[in-house]
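One structure is given here, and the rest of the page talks about it.
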Amino acid sequence: MYRPALSVVIPCYNEAPCLELLHARVSAAARAAVGDDHEIVLINDGSRDDSWAVMQRLAAQDPRLVAINLSRNHGHQLALTAGLDLCSGAQILIIDADLQDPPELLTDMRATMAAQGADVVYAVRRKREGETIFKKATAAAFYRVLDRVTDTPIPLDTGDFRLMSRRALDALLSLPEQARFIRGMVAWVGFRQVPFPYDRAERHAGETNYPLGKMVRLAFDAVTGFSTAPLRFASHASVILAGASLLLLFYILWGFFEGSPVQGWTSTMLVVTVLSAVQMFVLGMIGEYLGRLYIESKRRPLYLVADIAGPVKGHSTLGFNAAEPSPEFEVE
Ligand code: UDP
Ligand code: MG
């Protein structure tokens, strides 16, 4: 299989107003870095606007552009997986479609990769423009909690914007799970990984596709994917509660022998409600893991490709590709 020097992989959901400028800037950045020997892989993740039509038009103009149309919205991490699975470059740049991550950094990222002999150069956000305080605060808190509970050190304040070597990507693609937290999985893969500080820009157009609900889901995928600490919460809680009940027992006995037995509805209700909250929390955690176990056990393909525009060279291993001719129809 022919490998271009560079693949740029970009998942897109309702990004029609960004695509033209995105293509121009990414194309210029790729050309500045490696010349013509590159491909740009755009994944349309079931957009409801006319992203796919724009992509097809761009693919017709640019022979280096591959546009992949997923059968429906699969979510950011799976759309990205589709692109990574189907790209073929020797180096791979992952970038968002909304131009929050400047493609022009590619040249410096490649220089860092070469200078440090790294397999992964991950971009770390120094500043984030045009995002709400709430988003920044929750993101900051999330990365710190994640760092506490996981055994894999996952870099703080790092998105999916990164440059990877082919062997690091192949290692990543060997992880078959459905619940994908890609920045964590890349960290898990290992090799030499170095940070690259940058300032995150504002969205070029449109608005975030990561409302609170999706962020919480990603957070759960991250925690459950990299740690079983929440499952041990029940054992820790039981030790603390056992200590508390022992104290309570002494208190009751003391009251009894003093001739004023403890009574009270309030304290009883407090104990009952606190304990049921703890129990429900533990059950909920077990549910999160059990649910994921169930989903994983079905072994469904991670994504479904409906159409491809442009010269795709990669071969899908993690998904189902309806645009790929099935072997019996292939002409010898
Ligand atoms: N995205 C996607 N599928 C989705 C949601 C988002 O492919 O279901 C893409 C989106 O087009 C963008 C990237 O994922 O390229 C990051 O999304 P967004 O910019 O909305 O997230 P934020 O930067 O606000 O965290
Ligand atoms: Mg964005």
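Just so we're on the same page: first chain in the structure tokens is A, next is B, and so on; residues restart at 1 for each chain, and ligands are numbered from 1 in the order they show up.
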Given 12 Å and only C-alpha atoms and all ligand atoms, residues near ligand 2 as a PyMOL selection string: chain A and resi 10-15+18+76+95-102+128-131+135+159-161+200-211
I'd like a table as CSV: residues in range 220-274 of chain A with an atom no more than 8 Å from range 282-291 of chain A, each row giving the shortest atom pair and its distance in Å to one decimal, only C-alpha atoms counted, sorted by chain and rising residue number.
residue,atom,partner,partner_atom,distance
A:Thr224,CA,A:Tyr289,CA,6.7
A:Pro230,CA,A:Met285,CA,6.5
A:Leu231,CA,A:Ile286,CA,6.6
A:Phe233,CA,A:Val282,CA,7.2
A:Ala234,CA,A:Val282,CA,6.1
Contact residues around Gly310 in chain A with only C-alpha atoms at 10 Å, ignoring same-chain residues under 2 positions, as a ChimeraX atom specification: /A:41,55-56,58-68,308,312-313
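Proximity of A:Ser297, A:Ser174, A:Asn73, A:Ser88 to ligand 1, computed with only C-alpha atoms and all ligand atoms, is greatest for A:Asn73.
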Length of the CA of Ala323 in chain A to CA of Ser7 in chain A vector [Å]: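 Computed distance, CA of Ala323 in chain A to CA of Ser7 in chain A, equals 20.1 Å.
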Residues near Ala82 in chain A, cut-off 8 Å, only C-alpha atoms, skip fewer than 5 positions along chain, as JSON, numbers by chain: {"A": [43, 302, 303, 316, 318, 319]}
Selected residue, from A:Asp37, A:Asp108, A:Asp151, A:Asp157, that lies nearest to ligand 1 when counting only C-alpha atoms and all ligand atoms: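 Among A:Asp37, A:Asp108, A:Asp151, A:Asp157, it is A:Asp157 that comes nearest to ligand 1.
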Point-to-point distance from CA of Asp50 in chain A to CA of Val8 in chain A, Å rounded to tenths: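 These two atoms are separated by 21.4 Å.
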